[in-house]
Amino acid sequence: MIYMLHIENIKLLLILPLTILMFYHSSPELFSEEMKPDTQVLTVSKNIELSLEEEELVHEIEELEEKIYKHYDVETEKKLALVYLKYSKFLVQENHFQEAKEYLDIAKGLGVNQEKAKEISMLLEEKQPVEMKNNVISHLLPDGKERVSRKFQPTDNFIFRRNVVYALFEQAGSFYEAKNYELAKTPTKKILEYEPNNKLANELLGNIHYQLQELKEAEFYWEKAVSRDSLDRINKKRSKLKKELPLEEGLLSVEEEHFKIRYASSNQQYTSYDLKLLLREAYKEIYQDFSTPLKGKIVVLMYEKKDFENKIRSSHLTGALFDGKIRMPFLNKQRGSEREMKRLIWHELTHAFIYNYAGDKVPLWLNEGVAQYYENKVIPIQLRFFWTTYRRNKLLNLRGLSLGEKIFKNTETTTLFYQQSFVFVDYLIERFGFYKVRELLKELGKEENVDSAFLKVFSLSAKEVERRWLKWLEGK
Ligand SMILES: [Zn+2]
């Protein structure tokens with residue numbers, strides 16, 4: 001007998017990156033007060049009169065800096081580098097060599113056009129006095145007063161970098177949370193350009209590669225991310241990866257609009273064309289109800305059956321699983337298991353849609369109920385055990401269902417949980433419509449409690465909905 005149990009490990013996997021980002025925000029040693037975005041140090045002291053030209057340049061710099069600290073983007077950075085360079089040239093002409101050099105350095109650090117930088121370097125070389133070459137530096141004006149315009153403190157460069165890194169983390173984090181992994185790469189890589197040894201950025205980039213099924217790259221960055229604080233966390237990920245890497249090597253790969261597919265190669269008689277077709281058909285059907293497309297491509301891993309059983313699943317009850325990626329056995333077409341493949345795909349892809357639509361906090365009964373609602377369209381769910389239990393008056397109440405995994409004491413409670421979740425959700429869809437169940441997913445995904453979510457969505461108490469469901473069962 002086949003039981004359909006799909007253990008969701010998404011929590012373990014997906015909470016981690018968020019924790020990392022929160023950790024980044026709150027970690028005292030990494031993000032002490034002076035590293036928080038702070039443009040104050042870079043503000044001009046207005047106690048000397050600047051020429052109109054200088055005033056304009058400084059103003060332009062300040063505007064761009066403010067912009068980039070709020071929201072990092074490459075274009076602004078390029079513009080900023082260019083204005084730094086312009087200002088540097090201006091300062092050379094005005095004989096403020098030390099400041100000119102500092103602005104030139106930071107412009108170079110931002111990867112400004114080498115030709116232009118060189119031109120100013122030469123100009124500086126040519127004009128600067130000998131003392132400056134010997135590192136005797138003065139900000140003194142010809143009349144002996146200190147020039148207090150926009151001069152860099154030695155720390156400014158550092159603060160500038162931290163501010164940009166901070167902005168980049170915010171950006172990478174929001175892309176990551178939105179599961180736009182491809183987009184999250186750019187800001188994360190940019191952080192590593194500034195700070196190649198930033199452990200959290202390395203870990204995040206490892207996570208991103210892992211989500212995109214770029215396992216070798218994930219391994220590379222996770223290795224660089226190990227620190228005393230992150231040792232356990234990273235080791236957990238790396239040991240999972242270690243198991244997956246050799247399996248990955250044996251898989252063929254094909255991409256489609258919504259999917260990144262890896263499938264076992266030996267002797268299965270499914271072509272990549274068949275697989276794309278199977279997945280596309282499921283996508284179309286489920287998408288119709290959710291009306292929200294999946295963000296990015298979903299990774300689908302079809303392992304050799306024995307590999308899935310021995311190395312991927314954690315219990316013999318697990319037929320397939322979704323942990324942010326769909327993982328399933330690649331069944332042999334020959335044994336007439338096409339429907340079984342299809343059933344697994346429809347079920348797991350529904351989990352992907354739910355996760356995409358309402359996050360990873362949706363209660364298990366609702367998650368599994370909806371997944372089985374689609375699975376049932378392929379092969380009808382066997383409900384014998386449910387009806388026997390119903391007649392013996394031993395069904396779970398909604399509170400019991402809400403316990404989720406905690407009630408999986410044995411095969412019987414697990415089977416009842418799955419079957420009852422299906423029957424209940426099927427009722428909700430039939431009575432209230434799928435769009436209402438979609439609303440319920442959203443509400444419960446926000447960790448709203450069951451009572452208030454039901455009241456909000458169905459305008460009925462959870463108890464009342466349950467009572468009506470039992471009444472409906474009587475007529476079956
Ligand atoms: Zn499931």
# chains A, B, ... in the order shown; residues from 1 in each chain; ligands from 1

$ closest_atom_pairs --of "chain A" --to "ligand 1" --cutoff "12 Å" --atoms "only C-alpha atoms and all ligand atoms" --output "Markdown table"
| residue | atom | partner | partner_atom_place_in_ligand_line | distance |
| --- | --- | --- | --- | --- |
| A:Tyr3 | CA | ligand 1 | 1 (Zn) | 11.1 |
| A:Met4 | CA | ligand 1 | 1 (Zn) | 7.5 |
| A:Leu5 | CA | ligand 1 | 1 (Zn) | 6.2 |
| A:His6 | CA | ligand 1 | 1 (Zn) | 4.1 |
| A:Ile7 | CA | ligand 1 | 1 (Zn) | 6.8 |
| A:Glu8 | CA | ligand 1 | 1 (Zn) | 7.3 |
| A:Asn9 | CA | ligand 1 | 1 (Zn) | 10.9 |
| A:Ile10 | CA | ligand 1 | 1 (Zn) | 11.7 |
| A:Leu317 | CA | ligand 1 | 1 (Zn) | 11.3 |
| A:Thr318 | CA | ligand 1 | 1 (Zn) | 9.0 |
| A:Gly319 | CA | ligand 1 | 1 (Zn) | 8.9 |
| A:Ala320 | CA | ligand 1 | 1 (Zn) | 7.8 |
| A:Leu321 | CA | ligand 1 | 1 (Zn) | 6.7 |
| A:Phe322 | CA | ligand 1 | 1 (Zn) | 7.4 |
| A:Asp323 | CA | ligand 1 | 1 (Zn) | 10.3 |
| A:Ile326 | CA | ligand 1 | 1 (Zn) | 10.5 |
| A:Arg327 | CA | ligand 1 | 1 (Zn) | 11.4 |
| A:Met328 | CA | ligand 1 | 1 (Zn) | 11.6 |
| A:Arg343 | CA | ligand 1 | 1 (Zn) | 11.1 |
| A:Leu344 | CA | ligand 1 | 1 (Zn) | 9.0 |
| A:Ile345 | CA | ligand 1 | 1 (Zn) | 10.5 |
| A:Trp346 | CA | ligand 1 | 1 (Zn) | 10.0 |
| A:His347 | CA | ligand 1 | 1 (Zn) | 6.3 |
| A:Glu348 | CA | ligand 1 | 1 (Zn) | 6.2 |
| A:Leu349 | CA | ligand 1 | 1 (Zn) | 9.3 |
| A:Thr350 | CA | ligand 1 | 1 (Zn) | 8.4 |
| A:His351 | CA | ligand 1 | 1 (Zn) | 6.6 |
| A:Ala352 | CA | ligand 1 | 1 (Zn) | 10.0 |
| A:Phe353 | CA | ligand 1 | 1 (Zn) | 11.9 |
| A:Ile354 | CA | ligand 1 | 1 (Zn) | 10.8 |
| A:Tyr355 | CA | ligand 1 | 1 (Zn) | 11.6 |
| A:Pro363 | CA | ligand 1 | 1 (Zn) | 11.7 |
| A:Leu364 | CA | ligand 1 | 1 (Zn) | 8.5 |
| A:Trp365 | CA | ligand 1 | 1 (Zn) | 9.5 |
| A:Leu366 | CA | ligand 1 | 1 (Zn) | 10.1 |
| A:Asn367 | CA | ligand 1 | 1 (Zn) | 7.1 |
| A:Glu368 | CA | ligand 1 | 1 (Zn) | 4.9 |
| A:Gly369 | CA | ligand 1 | 1 (Zn) | 8.3 |
| A:Val370 | CA | ligand 1 | 1 (Zn) | 8.8 |
| A:Ala371 | CA | ligand 1 | 1 (Zn) | 6.0 |
| A:Gln372 | CA | ligand 1 | 1 (Zn) | 7.4 |
| A:Tyr373 | CA | ligand 1 | 1 (Zn) | 10.7 |
| A:Tyr374 | CA | ligand 1 | 1 (Zn) | 10.8 |
| A:Glu375 | CA | ligand 1 | 1 (Zn) | 9.6 |
| A:Glu405 | CA | ligand 1 | 1 (Zn) | 11.9 |
| A:Phe417 | CA | ligand 1 | 1 (Zn) | 11.7 |
| A:Tyr418 | CA | ligand 1 | 1 (Zn) | 8.8 |
| A:Gln419 | CA | ligand 1 | 1 (Zn) | 11.7 |
| A:Ser421 | CA | ligand 1 | 1 (Zn) | 11.0 |
| A:Phe422 | CA | ligand 1 | 1 (Zn) | 10.8 |

$ write_last_selection --atoms "C-alpha atoms" --output "short mmCIF file (atom, residue, chain, number, x, y, z; two decimals), in the first residue's frame"
data_model
loop_
_atom_site.label_atom_id
_atom_site.label_comp_id
_atom_site.auth_asym_id
_atom_site.auth_seq_id
_atom_site.Cartn_x
_atom_site.Cartn_y
_atom_site.Cartn_z
CA TYR A 3 0.83 6.19 1.72
CA MET A 4 1.33 9.67 0.56
CA LEU A 5 3.29 11.57 3.05
CA HIS A 6 5.20 14.61 2.10
CA ILE A 7 7.43 15.92 4.76
CA GLU A 8 8.00 19.60 4.41
CA ASN A 9 11.42 20.73 5.41
CA ILE A 10 11.03 24.19 4.04
CA LEU A 317 6.13 7.11 4.02
CA THR A 318 7.49 9.91 1.89
CA GLY A 319 6.50 9.59 -1.76
CA ALA A 320 7.99 12.89 -2.87
CA LEU A 321 8.77 16.13 -1.17
CA PHE A 322 8.93 19.86 -1.50
CA ASP A 323 11.53 21.80 0.42
CA ILE A 326 10.48 19.48 -5.82
CA ARG A 327 12.27 16.20 -5.12
CA MET A 328 10.81 12.98 -6.35
CA ARG A 343 0.17 12.51 -9.42
CA LEU A 344 3.42 13.27 -7.63
CA ILE A 345 4.09 16.27 -9.87
CA TRP A 346 0.63 17.76 -9.37
CA HIS A 347 0.81 17.31 -5.63
CA GLU A 348 4.28 18.76 -5.17
CA LEU A 349 3.81 21.56 -7.63
CA THR A 350 0.76 22.63 -5.65
CA HIS A 351 3.03 22.98 -2.61
CA ALA A 352 5.28 25.20 -4.69
CA PHE A 353 2.32 27.40 -5.63
CA ILE A 354 1.17 27.58 -2.02
CA TYR A 355 4.63 28.49 -0.82
CA PRO A 363 -0.75 25.05 8.41
CA LEU A 364 -0.01 21.53 7.29
CA TRP A 365 -3.66 20.43 7.03
CA LEU A 366 -4.48 23.22 4.60
CA ASN A 367 -1.24 22.80 2.67
CA GLU A 368 -1.75 19.05 2.28
CA GLY A 369 -5.48 19.41 1.75
CA VAL A 370 -5.00 21.72 -1.22
CA ALA A 371 -2.13 19.63 -2.64
CA GLN A 372 -4.35 16.55 -2.52
CA TYR A 373 -7.21 18.46 -4.09
CA TYR A 374 -5.04 18.68 -7.24
CA GLU A 375 -3.58 15.22 -6.88
CA GLU A 405 2.85 16.83 12.35
CA PHE A 417 -4.69 13.34 8.93
CA TYR A 418 -4.04 13.34 5.20
CA GLN A 419 -7.41 11.95 4.21
CA SER A 421 -7.40 17.28 5.42
CA PHE A 422 -8.34 16.45 1.87
#

$ residues_around --residues "segment 451-464 of chain A" --least-positions-apart "2" --cutoff "12 Å" --atoms "only C-alpha atoms" --output "ChimeraX atom specification"
/A:362,397-399,402,428-429,431-449,466-471

$ residues_around --residues "segment 387-392 of chain A" --least-positions-apart "3" --cutoff "12 Å" --atoms "only C-alpha atoms" --output "list in words"
Gln382, Leu383, Arg384, Leu395, Leu396, Asn397, Glu412, Thr413, Thr415, Leu416, Phe417, Gln419, Gln420, Val423, Leu470, Leu473, Glu474 and Lys476 of chain A

$ select_by_dssp --residues "segment 194-310 of chain A" --states "strand (DSSP E)" --output "list in words"
Leu251, Leu252, Ser253, Val254, Glu255, Phe259, Lys260, Ile261, Arg262, Tyr263, Ala264, Ile298, Val299, Val300, Leu301, Met302, Tyr303 and Glu304 of chain A

$ write_last_selection --atoms "N, CA and C atoms" --output "mmCIF file, in the first residue's frame"
data_model
loop_
_atom_site.group_PDB
_atom_site.id
_atom_site.type_symbol
_atom_site.label_atom_id
_atom_site.label_comp_id
_atom_site.auth_asym_id
_atom_site.auth_seq_id
_atom_site.Cartn_x
_atom_site.Cartn_y
_atom_site.Cartn_z
ATOM 1 N N LEU A 251 22.672 13.452 -12.933
ATOM 2 C CA LEU A 251 21.394 13.914 -13.481
ATOM 3 C C LEU A 251 21.566 14.732 -14.762
ATOM 4 N N LEU A 252 20.649 14.498 -15.683
ATOM 5 C CA LEU A 252 20.623 15.326 -16.896
ATOM 6 C C LEU A 252 19.837 16.587 -16.589
ATOM 7 N N SER A 253 20.037 17.588 -17.409
ATOM 8 C CA SER A 253 19.337 18.810 -17.059
ATOM 9 C C SER A 253 18.676 19.449 -18.270
ATOM 10 N N VAL A 254 17.534 20.022 -18.008
ATOM 11 C CA VAL A 254 16.813 20.715 -19.069
ATOM 12 C C VAL A 254 16.027 21.867 -18.436
ATOM 13 N N GLU A 255 15.895 22.952 -19.171
ATOM 14 C CA GLU A 255 15.166 24.094 -18.624
ATOM 15 C C GLU A 255 13.935 24.397 -19.453
ATOM 16 N N PHE A 259 10.559 25.979 -15.166
ATOM 17 C CA PHE A 259 11.223 24.904 -14.427
ATOM 18 C C PHE A 259 12.690 24.745 -14.798
ATOM 19 N N LYS A 260 13.436 24.343 -13.780
ATOM 20 C CA LYS A 260 14.802 23.874 -13.978
ATOM 21 C C LYS A 260 14.741 22.401 -13.635
ATOM 22 N N ILE A 261 14.837 21.550 -14.623
ATOM 23 C CA ILE A 261 14.611 20.127 -14.364
ATOM 24 C C ILE A 261 15.937 19.382 -14.370
ATOM 25 N N ARG A 262 16.128 18.510 -13.381
ATOM 26 C CA ARG A 262 17.249 17.579 -13.374
ATOM 27 C C ARG A 262 16.649 16.180 -13.260
ATOM 28 N N TYR A 263 17.039 15.294 -14.133
ATOM 29 C CA TYR A 263 16.423 13.967 -14.068
ATOM 30 C C TYR A 263 17.439 12.861 -14.277
ATOM 31 N N ALA A 264 17.180 11.748 -13.606
ATOM 32 C CA ALA A 264 18.077 10.602 -13.701
ATOM 33 C C ALA A 264 18.109 10.115 -15.141
ATOM 34 N N ILE A 298 11.235 27.042 -10.824
ATOM 35 C CA ILE A 298 11.229 26.086 -9.732
ATOM 36 C C ILE A 298 12.117 24.891 -10.106
ATOM 37 N N VAL A 299 12.953 24.497 -9.159
ATOM 38 C CA VAL A 299 13.867 23.380 -9.400
ATOM 39 C C VAL A 299 13.119 22.065 -9.177
ATOM 40 N N VAL A 300 13.169 21.191 -10.155
ATOM 41 C CA VAL A 300 12.526 19.877 -10.034
ATOM 42 C C VAL A 300 13.599 18.805 -10.155
ATOM 43 N N LEU A 301 13.754 18.008 -9.116
ATOM 44 C CA LEU A 301 14.793 16.977 -9.105
ATOM 45 C C LEU A 301 14.153 15.603 -9.156
ATOM 46 N N MET A 302 14.401 14.898 -10.233
ATOM 47 C CA MET A 302 13.842 13.555 -10.370
ATOM 48 C C MET A 302 14.972 12.546 -10.232
ATOM 49 N N TYR A 303 15.077 12.006 -9.034
ATOM 50 C CA TYR A 303 16.192 11.128 -8.723
ATOM 51 C C TYR A 303 15.904 9.695 -9.155
ATOM 52 N N GLU A 304 16.967 8.962 -9.353
ATOM 53 C CA GLU A 304 16.875 7.515 -9.472
ATOM 54 C C GLU A 304 16.073 7.032 -8.260
#

$ residues_around --residues "Leu183 of chain A" --least-positions-apart "3" --cutoff "10 Å" --atoms "only C-alpha atoms" --output "list of chain:residue names"
A:Gln171, A:Ala172, A:Ser174, A:Phe175, A:Tyr176, A:Ala178, A:Lys179, A:Asn180, A:Thr186, A:Pro187, A:Thr188, A:Ile208, A:Gly296

$ atom_distance --atom1 "atom CA of Phe169 of chain A" --atom2 "atom CA of Tyr210 of chain A"
18.2 Å

$ closest_residue --among "A:Glu257, A:Glu65, A:Asp105, A:Glu309" --to "Lys284 of chain A" --atoms "only C-alpha atoms"
A:Glu257

$ closest_residue --among "A:His209, A:His96, A:Lys199, A:Lys70" --to "Leu168 of chain A" --atoms "only C-alpha atoms"
A:Lys70

$ closest_residue --among "A:Ile379, A:Phe97, A:Glu244, A:Tyr283" --to "Arg313 of chain A" --atoms "only C-alpha atoms"
A:Glu244

$ atom_distance --atom1 "atom CA of Val74 of chain A" --atom2 "atom CA of Ile106 of chain A"
15.4 Å
